[in-house]
Amino acid sequence: MSITTALMRMFGLRYPIIQAPMANAAGGDLAREVARAGGLGMIGTGSRATPAWLEGEWSKLEGAGPVGVGFMTWALDRMAEQRHLLTHALGLKPAAVLLSFGDPRPYIPAIRAAGAKVICQVQTVADAELAASAGADLLVAQGTEAGGHTGQVSTLPLLAAVLRAVADVPVAAAGGIADGRALAGAIAMGACGAMLGTRFVATPESLYHPQAKERILRASETDTELTPVFDLVQGIPWPAQYRGRALVNDFTQRWHGREEALKANLEQARQAYEAARREADFRTLAVYAGQSVGQITAIAPAAELVRQIGEEAITLLRR
Ligand SMILES: Cc1cc2nc3c(=O)[nH]c(=O)nc-3n(C[C@H](O)[C@H](O)[C@H](O)COP(=O)(O)O)c2cc1C
């Protein structure tokens, strides 16, 4: 029995795996290796990415399969530079554009007109219904286990509810999926595949600092916190319903749950954060990672992970 899902057919993939578009972690090297191995590669743009940066990362894709680009919808709404970056990205002819964290409707027509598939990552059933009715080609239901910014509902109940609510658009799962077992589980529920972020941070190809990757290898599943403190200290205006899941460190221990005190001491905290950035000191700096960190004990090449996770899922589903 061979396994083919709507996600695999849409992009001509060997495995039902999307590598998440992670700001500051997913550039051209990671996307290329995932795409070459038969998954969907993605380049992540943070709120400070520029056309020159994106073009540099895109130039690393030589010989890759399908690759897309991810955007944060709230940043497109608020920043003219981000809308310019989206126009620039569409000129590169990506296989897909992923929109997450906000209302995707203003951006869907231009993405479709450029010939790219529209992937909407959603955190609630209402947002899934909105994105489906607006013409998304694919939804990703993102549970709160996920690394990086996310919502409040866990992957299992969110995926089940989105699959029930949206019958005519394929749905992939994200959040807490880092091996073939979890991928097979999502597919058994009816998902067309999964989007993995945290597992792909711990690869030689990710842009994360080696010390940040080291921290991921050492962390257990209880070592993350869903927190707004890293956005507050960096002055990144994330809408309140999305907080970032990151490894617990000295900074979260000092400020998480004490956001008012952080706001009252913002200038001092900001200076300390910038000093930590200069020294690459991850006792203070954010290491975004999800609850699957506990399963990640080694750095592994991204292409190897795609094959291993994909084959394990196929074997389990056949059984
Ligand atoms: C380091 C990191 C950065 C992320 N940055 C983004 C981002 O820029 N845009 C986005 O839509 N999602 C981002 N995410 C979330 C992913 O899209 C995805 O939902 C998540 O990684 C899936 O859960 P997992 O981390 O448990 O695999 C990020 C995740 C991580 C771990």
# chains A, B, ... in the order shown; residues from 1 in each chain; ligands from 1

$ residues_around --residues "region 77-80 of chain A" --least-positions-apart "2" --cutoff "9 Å" --atoms "only C-alpha atoms" --output "number ranges by chain"
A: 47, 72-75, 82-85, 102-103, 106

$ write_last_selection --atoms "all heavy atoms" --output "compact mmCIF listing (two decimals), in the first residue's frame"
# COMPACT_ATOMS: atom_id res chain seq x y z
N SER A 47 9.71 39.95 11.21
CA SER A 47 9.17 41.29 10.95
C SER A 47 10.27 42.26 10.48
O SER A 47 9.98 43.35 10.05
CB SER A 47 8.47 41.84 12.19
OG SER A 47 9.33 41.78 13.30
N MET A 72 3.95 36.72 8.55
CA MET A 72 3.06 36.92 9.69
C MET A 72 2.02 37.94 9.26
O MET A 72 2.38 39.09 8.94
CB MET A 72 3.87 37.41 10.88
CG MET A 72 4.88 36.37 11.34
SD MET A 72 5.94 36.93 12.66
CE MET A 72 6.76 38.31 11.91
N THR A 73 0.76 37.54 9.27
CA THR A 73 -0.27 38.38 8.69
C THR A 73 -0.39 39.73 9.42
O THR A 73 -0.58 40.76 8.78
CB THR A 73 -1.62 37.62 8.69
OG1 THR A 73 -1.36 36.28 8.26
CG2 THR A 73 -2.60 38.25 7.74
N TRP A 74 -0.24 39.71 10.75
CA TRP A 74 -0.36 40.98 11.48
C TRP A 74 0.75 41.97 11.05
O TRP A 74 0.52 43.19 11.01
CB TRP A 74 -0.33 40.78 13.00
CG TRP A 74 1.00 40.32 13.55
CD1 TRP A 74 1.36 39.04 13.85
CD2 TRP A 74 2.15 41.12 13.84
NE1 TRP A 74 2.65 38.99 14.30
CE2 TRP A 74 3.16 40.26 14.32
CE3 TRP A 74 2.43 42.49 13.75
CZ2 TRP A 74 4.43 40.72 14.70
CZ3 TRP A 74 3.70 42.95 14.14
CH2 TRP A 74 4.68 42.06 14.61
N ALA A 75 1.92 41.42 10.68
CA ALA A 75 3.01 42.31 10.25
C ALA A 75 2.71 42.88 8.85
O ALA A 75 3.04 44.04 8.57
CB ALA A 75 4.34 41.55 10.27
N GLN A 82 6.72 45.09 4.98
CA GLN A 82 6.35 43.67 4.88
C GLN A 82 5.51 43.43 3.63
O GLN A 82 5.67 42.41 2.97
CB GLN A 82 5.56 43.25 6.13
CG GLN A 82 6.44 43.04 7.34
CD GLN A 82 7.10 41.67 7.32
OE1 GLN A 82 6.45 40.65 7.16
NE2 GLN A 82 8.41 41.65 7.47
N ARG A 83 4.63 44.37 3.32
CA ARG A 83 3.81 44.20 2.10
C ARG A 83 4.71 44.28 0.86
O ARG A 83 4.53 43.53 -0.09
CB ARG A 83 2.70 45.27 2.06
CG ARG A 83 1.68 45.10 3.18
CD ARG A 83 0.45 45.94 2.98
NE ARG A 83 0.69 47.38 3.12
CZ ARG A 83 0.73 48.04 4.28
NH1 ARG A 83 0.55 47.40 5.41
NH2 ARG A 83 0.95 49.35 4.30
N HIS A 84 5.71 45.13 0.93
CA HIS A 84 6.68 45.22 -0.17
C HIS A 84 7.45 43.90 -0.28
O HIS A 84 7.70 43.40 -1.38
CB HIS A 84 7.61 46.40 0.11
CG HIS A 84 8.73 46.54 -0.87
ND1 HIS A 84 8.51 46.82 -2.20
CD2 HIS A 84 10.06 46.40 -0.73
CE1 HIS A 84 9.68 46.86 -2.82
NE2 HIS A 84 10.64 46.60 -1.96
N LEU A 85 7.80 43.33 0.87
CA LEU A 85 8.54 42.05 0.87
C LEU A 85 7.68 40.94 0.27
O LEU A 85 8.19 40.09 -0.47
CB LEU A 85 8.95 41.70 2.31
CG LEU A 85 9.85 40.49 2.49
CD1 LEU A 85 11.20 40.70 1.79
CD2 LEU A 85 10.08 40.19 3.97
N GLY A 102 -3.51 36.12 11.82
CA GLY A 102 -4.32 37.28 11.42
C GLY A 102 -5.24 36.93 10.28
O GLY A 102 -5.32 35.78 9.85
N ASP A 103 -5.96 37.95 9.80
CA ASP A 103 -6.94 37.78 8.73
C ASP A 103 -6.23 37.74 7.37
O ASP A 103 -5.65 38.74 6.95
CB ASP A 103 -7.92 38.96 8.79
CG ASP A 103 -9.01 38.86 7.74
OD1 ASP A 103 -8.93 37.97 6.86
OD2 ASP A 103 -9.94 39.69 7.79
N PRO A 106 -6.98 40.00 2.84
CA PRO A 106 -6.46 41.03 1.95
C PRO A 106 -5.32 40.54 1.03
O PRO A 106 -5.04 41.16 0.02
CB PRO A 106 -5.92 42.10 2.91
CG PRO A 106 -6.55 41.82 4.22
CD PRO A 106 -6.84 40.35 4.26

$ select_by_dssp --residues "region 24-177 of chain A" --states "helix (DSSP H, G or I)" --output "PyMOL selection string"
chain A and resi 28-37+51-61+73-78+80-91+108-113+125-133+155-165

$ residues_around --residues "region 156-173 of chain A" --least-positions-apart "4" --cutoff "8 Å" --atoms "only C-alpha atoms" --output "number ranges by chain"
A: 6-7, 123-125, 128-129, 132, 136-143, 186, 189-195

$ write_last_selection --atoms "C-alpha atoms" --output "CSV table (one decimal), in the first residue's frame"
chain,number,residue,atom,x,y,z
A,6,ALA,CA,-3.7,15.9,-0.8
A,7,LEU,CA,-0.6,17.7,0.5
A,123,GLN,CA,-5.2,28.6,15.8
A,124,THR,CA,-9.0,28.5,16.1
A,125,VAL,CA,-11.9,26.9,14.3
A,128,ALA,CA,-10.0,28.0,9.9
A,129,GLU,CA,-13.5,28.7,8.5
A,132,ALA,CA,-11.3,28.3,3.9
A,136,ALA,CA,-7.0,29.0,1.1
A,137,ASP,CA,-5.6,26.0,-0.7
A,138,LEU,CA,-4.4,24.3,2.5
A,139,LEU,CA,-4.9,24.9,6.2
A,140,VAL,CA,-2.4,24.1,9.0
A,141,ALA,CA,-4.1,23.7,12.4
A,142,GLN,CA,-1.5,24.9,14.9
A,143,GLY,CA,-1.7,23.7,18.5
A,186,ALA,CA,-2.3,13.2,12.6
A,189,MET,CA,-7.1,11.5,12.2
A,190,GLY,CA,-7.6,12.8,8.7
A,191,ALA,CA,-4.9,15.3,8.3
A,192,CYS,CA,-3.0,15.5,4.9
A,193,GLY,CA,0.3,15.8,6.7
A,194,ALA,CA,2.1,17.8,9.3
A,195,MET,CA,4.2,20.9,9.6

$ atom_distance --atom1 "CA of Ala126 (chain A)" --atom2 "CA of Ile187 (chain A)"
22.1 Å

$ closest_atom_pairs --of "chain A" --to "ligand 1" --cutoff "6 Å" --atoms "only C-alpha atoms and all ligand atoms" --output "CSV"
residue,atom,partner,partner_atom_place_in_ligand_line,distance
A:Ala20,CA,ligand 1,17 (O),4.5
A:Pro21,CA,ligand 1,9 (N),5.5
A:Met22,CA,ligand 1,5 (N),3.3
A:Ala23,CA,ligand 1,8 (O),3.7
A:Ala25,CA,ligand 1,1 (C),5.7
A:Gly44,CA,ligand 1,8 (O),5.2
A:Thr45,CA,ligand 1,8 (O),5.8
A:Gly46,CA,ligand 1,8 (O),5.4
A:Met72,CA,ligand 1,9 (N),5.8
A:Ser100,CA,ligand 1,11 (O),4.8
A:Gln142,CA,ligand 1,19 (O),5.4
A:Glu145,CA,ligand 1,26 (O),5.7
A:Ala146,CA,ligand 1,23 (O),3.4
A:Gly147,CA,ligand 1,25 (O),3.7
A:Gly148,CA,ligand 1,29 (C),3.8
A:His149,CA,ligand 1,15 (C),5.9
A:Ala174,CA,ligand 1,22 (C),4.5
A:Gly175,CA,ligand 1,23 (O),3.3
A:Gly176,CA,ligand 1,26 (O),3.6
A:Ile177,CA,ligand 1,27 (O),5.3
A:Met195,CA,ligand 1,22 (C),5.9
A:Leu196,CA,ligand 1,27 (O),3.7
A:Gly197,CA,ligand 1,21 (O),3.2
A:Thr198,CA,ligand 1,25 (O),3.8
A:Tyr288,CA,ligand 1,1 (C),4.5
A:Ala289,CA,ligand 1,31 (C),4.3
A:Gly290,CA,ligand 1,26 (O),4.5
A:Ser292,CA,ligand 1,26 (O),5.6

$ select_by_dssp --residues "region 75-305 of chain A" --states "strand (DSSP E)" --output "ChimeraX atom specification"
/A:96-100,117-122,138-142,148-150,171-174,194-196,224-227,243-247

$ write_last_selection --atoms "N, CA and C atoms" --output "short mmCIF file (atom, residue, chain, number, x, y, z; two decimals), in the first residue's frame"
data_model
loop_
_atom_site.label_atom_id
_atom_site.label_comp_id
_atom_site.auth_asym_id
_atom_site.auth_seq_id
_atom_site.Cartn_x
_atom_site.Cartn_y
_atom_site.Cartn_z
N ALA A 96 4.50 28.18 -2.69
CA ALA A 96 3.42 28.51 -1.76
C ALA A 96 3.79 29.72 -0.93
N VAL A 97 2.78 30.41 -0.43
CA VAL A 97 2.98 31.43 0.60
C VAL A 97 2.15 31.02 1.80
N LEU A 98 2.78 30.99 2.96
CA LEU A 98 2.05 30.67 4.19
C LEU A 98 1.78 31.96 4.96
N LEU A 99 0.52 32.14 5.34
CA LEU A 99 0.11 33.28 6.15
C LEU A 99 -0.34 32.76 7.50
N SER A 100 0.13 33.40 8.57
CA SER A 100 -0.26 32.97 9.90
C SER A 100 -0.45 34.17 10.80
N LYS A 117 0.41 28.59 -4.19
CA LYS A 117 -0.65 28.06 -3.34
C LYS A 117 -0.69 28.88 -2.05
N VAL A 118 -1.90 29.04 -1.51
CA VAL A 118 -2.07 29.79 -0.26
C VAL A 118 -2.24 28.80 0.88
N ILE A 119 -1.30 28.84 1.83
CA ILE A 119 -1.40 28.01 3.04
C ILE A 119 -1.72 28.94 4.20
N CYS A 120 -2.78 28.67 4.94
CA CYS A 120 -3.10 29.49 6.11
C CYS A 120 -2.93 28.66 7.37
N GLN A 121 -2.07 29.13 8.26
CA GLN A 121 -1.92 28.48 9.56
C GLN A 121 -2.92 29.12 10.52
N VAL A 122 -3.72 28.28 11.19
CA VAL A 122 -4.80 28.80 12.03
C VAL A 122 -4.70 28.22 13.44
N LEU A 138 -4.80 25.25 1.45
CA LEU A 138 -4.40 24.29 2.48
C LEU A 138 -4.43 25.01 3.83
N LEU A 139 -4.92 24.32 4.86
CA LEU A 139 -4.89 24.88 6.21
C LEU A 139 -3.88 24.11 7.05
N VAL A 140 -3.25 24.80 7.99
CA VAL A 140 -2.43 24.14 8.99
C VAL A 140 -3.03 24.48 10.35
N ALA A 141 -3.52 23.47 11.06
CA ALA A 141 -4.08 23.68 12.40
C ALA A 141 -2.93 23.63 13.40
N GLN A 142 -2.63 24.77 14.02
CA GLN A 142 -1.46 24.88 14.89
C GLN A 142 -1.86 24.85 16.36
N GLY A 148 7.62 28.69 18.95
CA GLY A 148 7.33 29.99 18.34
C GLY A 148 5.97 30.49 18.76
N HIS A 149 5.42 31.43 18.00
CA HIS A 149 4.14 32.03 18.40
C HIS A 149 2.99 31.10 18.05
N THR A 150 2.01 31.08 18.92
CA THR A 150 0.91 30.15 18.76
C THR A 150 -0.28 30.60 19.61
N VAL A 171 -6.29 19.75 5.43
CA VAL A 171 -5.80 20.31 6.70
C VAL A 171 -4.57 19.53 7.15
N ALA A 172 -3.48 20.21 7.41
CA ALA A 172 -2.29 19.60 8.02
C ALA A 172 -2.26 20.00 9.50
N ALA A 173 -1.49 19.26 10.29
CA ALA A 173 -1.38 19.53 11.72
C ALA A 173 -0.02 20.13 12.04
N ALA A 174 0.04 21.00 13.04
CA ALA A 174 1.32 21.51 13.54
C ALA A 174 1.26 21.66 15.05
N ALA A 194 1.81 16.99 8.13
CA ALA A 194 2.13 17.82 9.29
C ALA A 194 3.21 18.83 8.95
N MET A 195 3.17 19.93 9.69
CA MET A 195 4.22 20.95 9.58
C MET A 195 5.06 20.88 10.86
N LEU A 196 6.36 20.70 10.69
CA LEU A 196 7.28 20.55 11.82
C LEU A 196 8.22 21.75 11.88
N THR A 224 9.49 24.48 28.45
CA THR A 224 9.09 25.62 27.62
C THR A 224 8.02 26.43 28.34
N GLU A 225 7.88 27.66 27.91
CA GLU A 225 6.87 28.57 28.48
C GLU A 225 6.23 29.34 27.32
N LEU A 226 4.91 29.52 27.39
CA LEU A 226 4.20 30.34 26.40
C LEU A 226 4.12 31.74 26.98
N THR A 227 4.84 32.67 26.39
CA THR A 227 5.06 33.93 27.09
C THR A 227 5.16 35.13 26.15
N ARG A 243 1.11 34.32 21.81
CA ARG A 243 2.32 34.46 22.61
C ARG A 243 3.34 33.47 22.07
N GLY A 244 4.59 33.63 22.50
CA GLY A 244 5.66 32.82 21.93
C GLY A 244 6.06 31.68 22.85
N ARG A 245 6.15 30.45 22.31
CA ARG A 245 6.63 29.34 23.15
C ARG A 245 8.14 29.23 22.98
N ALA A 246 8.83 29.42 24.10
CA ALA A 246 10.30 29.44 24.10
C ALA A 246 10.81 28.62 25.28
N LEU A 247 12.10 28.29 25.23
CA LEU A 247 12.70 27.59 26.37
C LEU A 247 12.72 28.50 27.59
#

$ residues_around --residues "Ala286 (chain A)" --least-positions-apart "6" --cutoff "9 Å" --atoms "only C-alpha atoms" --output "list in words"
Ala212, Phe230, Ala246, Leu247, Val248, Asn249, Phe251 and Thr252 of chain A

$ closest_atom_pairs --of "region 121-236 of chain A" --to "region 267-270 of chain A" --cutoff "9 Å" --atoms "only C-alpha atoms" --output "JSON lines"
{"residue": "A:Val233", "atom": "CA", "partner": "A:Arg270", "partner_atom": "CA", "distance": 5.5}
{"residue": "A:Gln234", "atom": "CA", "partner": "A:Arg270", "partner_atom": "CA", "distance": 6.8}
{"residue": "A:Gly235", "atom": "CA", "partner": "A:Arg270", "partner_atom": "CA", "distance": 8.8}

$ write_last_selection --atoms "N, CA and C atoms" --output "PDB file, in the first residue's frame"
ATOM      1  N   VAL A 233      10.114  42.899  25.493  1.00  0.00           N
ATOM      2  CA  VAL A 233      11.444  43.484  25.664  1.00  0.00           C
ATOM      3  C   VAL A 233      12.030  43.935  24.319  1.00  0.00           C
ATOM      4  N   GLN A 234      11.617  43.273  23.237  1.00  0.00           N
ATOM      5  CA  GLN A 234      12.148  43.670  21.924  1.00  0.00           C
ATOM      6  C   GLN A 234      11.256  44.700  21.224  1.00  0.00           C
ATOM      7  N   GLY A 235      10.119  45.031  21.838  1.00  0.00           N
ATOM      8  CA  GLY A 235       9.215  46.005  21.236  1.00  0.00           C
ATOM      9  C   GLY A 235       8.569  45.503  19.953  1.00  0.00           C
TER      10      GLY A 235
END

$ closest_atom_pairs --of "region 75-94 of chain A" --to "region 50-59 of chain A" --cutoff "10 Å" --atoms "only C-alpha atoms" --output "Markdown table"
| residue | atom | partner | partner_atom | distance |
| --- | --- | --- | --- | --- |
| A:Glu81 | CA | A:Thr50 | CA | 7.9 |
| A:Gln82 | CA | A:Thr50 | CA | 8.2 |
| A:His84 | CA | A:Pro51 | CA | 8.2 |
| A:Leu85 | CA | A:Pro51 | CA | 5.7 |
| A:Leu86 | CA | A:Pro51 | CA | 8.9 |
| A:Thr87 | CA | A:Pro51 | CA | 9.5 |
| A:His88 | CA | A:Pro51 | CA | 6.5 |
| A:Ala89 | CA | A:Leu54 | CA | 7.6 |
| A:Leu92 | CA | A:Trp58 | CA | 8.0 |
| A:Pro94 | CA | A:Trp58 | CA | 9.4 |

$ residues_around --residues "Gly41 (chain A)" --least-positions-apart "3" --cutoff "7 Å" --atoms "only C-alpha atoms" --output "short mmCIF file (atom, residue, chain, number, x, y, z; two decimals) with C-alpha atoms, in the first residue's frame"
data_model
loop_
_atom_site.label_atom_id
_atom_site.label_comp_id
_atom_site.auth_asym_id
_atom_site.auth_seq_id
_atom_site.Cartn_x
_atom_site.Cartn_y
_atom_site.Cartn_z
CA ILE A 18 6.08 20.66 5.60
CA GLN A 19 9.05 22.34 7.23
CA ALA A 31 14.40 24.74 2.84
CA ARG A 32 16.60 23.29 0.09
CA VAL A 34 13.93 19.48 3.05
CA ALA A 35 12.69 19.97 -0.51
CA PRO A 66 9.10 23.03 -4.08
CA VAL A 67 9.81 25.83 -1.61
CA GLY A 68 7.48 28.43 -0.12
#

$ decode --residues "region 162-179 of chain A" --atoms "N, CA, C and O atoms" --output "mmCIF file, in the first residue's frame"
data_model
loop_
_atom_site.group_PDB
_atom_site.id
_atom_site.type_symbol
_atom_site.label_atom_id
_atom_site.label_comp_id
_atom_site.auth_asym_id
_atom_site.auth_seq_id
_atom_site.Cartn_x
_atom_site.Cartn_y
_atom_site.Cartn_z
ATOM 1 N N VAL A 162 -11.163 21.285 13.532
ATOM 2 C CA VAL A 162 -10.989 21.918 12.216
ATOM 3 C C VAL A 162 -11.346 20.930 11.115
ATOM 4 O O VAL A 162 -12.011 21.279 10.141
ATOM 5 N N LEU A 163 -10.939 19.668 11.285
ATOM 6 C CA LEU A 163 -11.278 18.657 10.275
ATOM 7 C C LEU A 163 -12.790 18.492 10.154
ATOM 8 O O LEU A 163 -13.328 18.318 9.068
ATOM 9 N N ARG A 164 -13.472 18.594 11.299
ATOM 10 C CA ARG A 164 -14.935 18.445 11.275
ATOM 11 C C ARG A 164 -15.578 19.677 10.626
ATOM 12 O O ARG A 164 -16.539 19.562 9.879
ATOM 13 N N ALA A 165 -15.016 20.863 10.907
ATOM 14 C CA ALA A 165 -15.654 22.111 10.445
ATOM 15 C C ALA A 165 -15.385 22.402 8.971
ATOM 16 O O ALA A 165 -16.205 23.023 8.302
ATOM 17 N N VAL A 166 -14.231 21.977 8.478
ATOM 18 C CA VAL A 166 -13.829 22.346 7.115
ATOM 19 C C VAL A 166 -13.668 21.075 6.290
ATOM 20 O O VAL A 166 -12.689 20.348 6.439
ATOM 21 N N ALA A 167 -14.624 20.817 5.426
ATOM 22 C CA ALA A 167 -14.593 19.547 4.697
ATOM 23 C C ALA A 167 -13.903 19.664 3.343
ATOM 24 O O ALA A 167 -13.373 18.684 2.824
ATOM 25 N N ASP A 168 -13.867 20.878 2.787
ATOM 26 C CA ASP A 168 -13.455 20.991 1.383
ATOM 27 C C ASP A 168 -12.033 21.512 1.182
ATOM 28 O O ASP A 168 -11.615 21.710 0.039
ATOM 29 N N VAL A 169 -11.282 21.738 2.248
ATOM 30 C CA VAL A 169 -9.886 22.186 2.121
ATOM 31 C C VAL A 169 -9.024 21.221 2.939
ATOM 32 O O VAL A 169 -9.364 20.920 4.089
ATOM 33 N N PRO A 170 -7.917 20.710 2.359
ATOM 34 C CA PRO A 170 -7.067 19.808 3.149
ATOM 35 C C PRO A 170 -6.458 20.513 4.361
ATOM 36 O O PRO A 170 -6.144 21.707 4.307
ATOM 37 N N VAL A 171 -6.293 19.751 5.431
ATOM 38 C CA VAL A 171 -5.799 20.313 6.699
ATOM 39 C C VAL A 171 -4.570 19.526 7.154
ATOM 40 O O VAL A 171 -4.613 18.291 7.250
ATOM 41 N N ALA A 172 -3.484 20.215 7.415
ATOM 42 C CA ALA A 172 -2.295 19.604 8.023
ATOM 43 C C ALA A 172 -2.256 20.003 9.498
ATOM 44 O O ALA A 172 -2.901 20.967 9.899
ATOM 45 N N ALA A 173 -1.491 19.258 10.286
ATOM 46 C CA ALA A 173 -1.381 19.535 11.720
ATOM 47 C C ALA A 173 -0.020 20.128 12.039
ATOM 48 O O ALA A 173 0.970 19.810 11.374
ATOM 49 N N ALA A 174 0.035 20.999 13.045
ATOM 50 C CA ALA A 174 1.317 21.514 13.536
ATOM 51 C C ALA A 174 1.255 21.658 15.047
ATOM 52 O O ALA A 174 0.194 21.944 15.606
ATOM 53 N N GLY A 175 2.405 21.455 15.690
ATOM 54 C CA GLY A 175 2.470 21.614 17.138
ATOM 55 C C GLY A 175 2.725 20.294 17.824
ATOM 56 O O GLY A 175 1.832 19.458 17.918
ATOM 57 N N GLY A 176 3.968 20.085 18.247
ATOM 58 C CA GLY A 176 4.287 18.886 19.014
ATOM 59 C C GLY A 176 4.593 17.669 18.174
ATOM 60 O O GLY A 176 4.757 16.568 18.711
ATOM 61 N N ILE A 177 4.685 17.826 16.864
ATOM 62 C CA ILE A 177 4.944 16.677 15.989
ATOM 63 C C ILE A 177 6.422 16.686 15.605
ATOM 64 O O ILE A 177 6.895 17.631 14.979
ATOM 65 N N ALA A 178 7.137 15.639 16.012
ATOM 66 C CA ALA A 178 8.582 15.620 15.775
ATOM 67 C C ALA A 178 9.078 14.248 15.350
ATOM 68 O O ALA A 178 10.271 14.046 15.175
ATOM 69 N N ASP A 179 8.162 13.294 15.211
ATOM 70 C CA ASP A 179 8.589 11.963 14.760
ATOM 71 C C ASP A 179 7.496 11.316 13.917
ATOM 72 O O ASP A 179 6.407 11.887 13.737
#
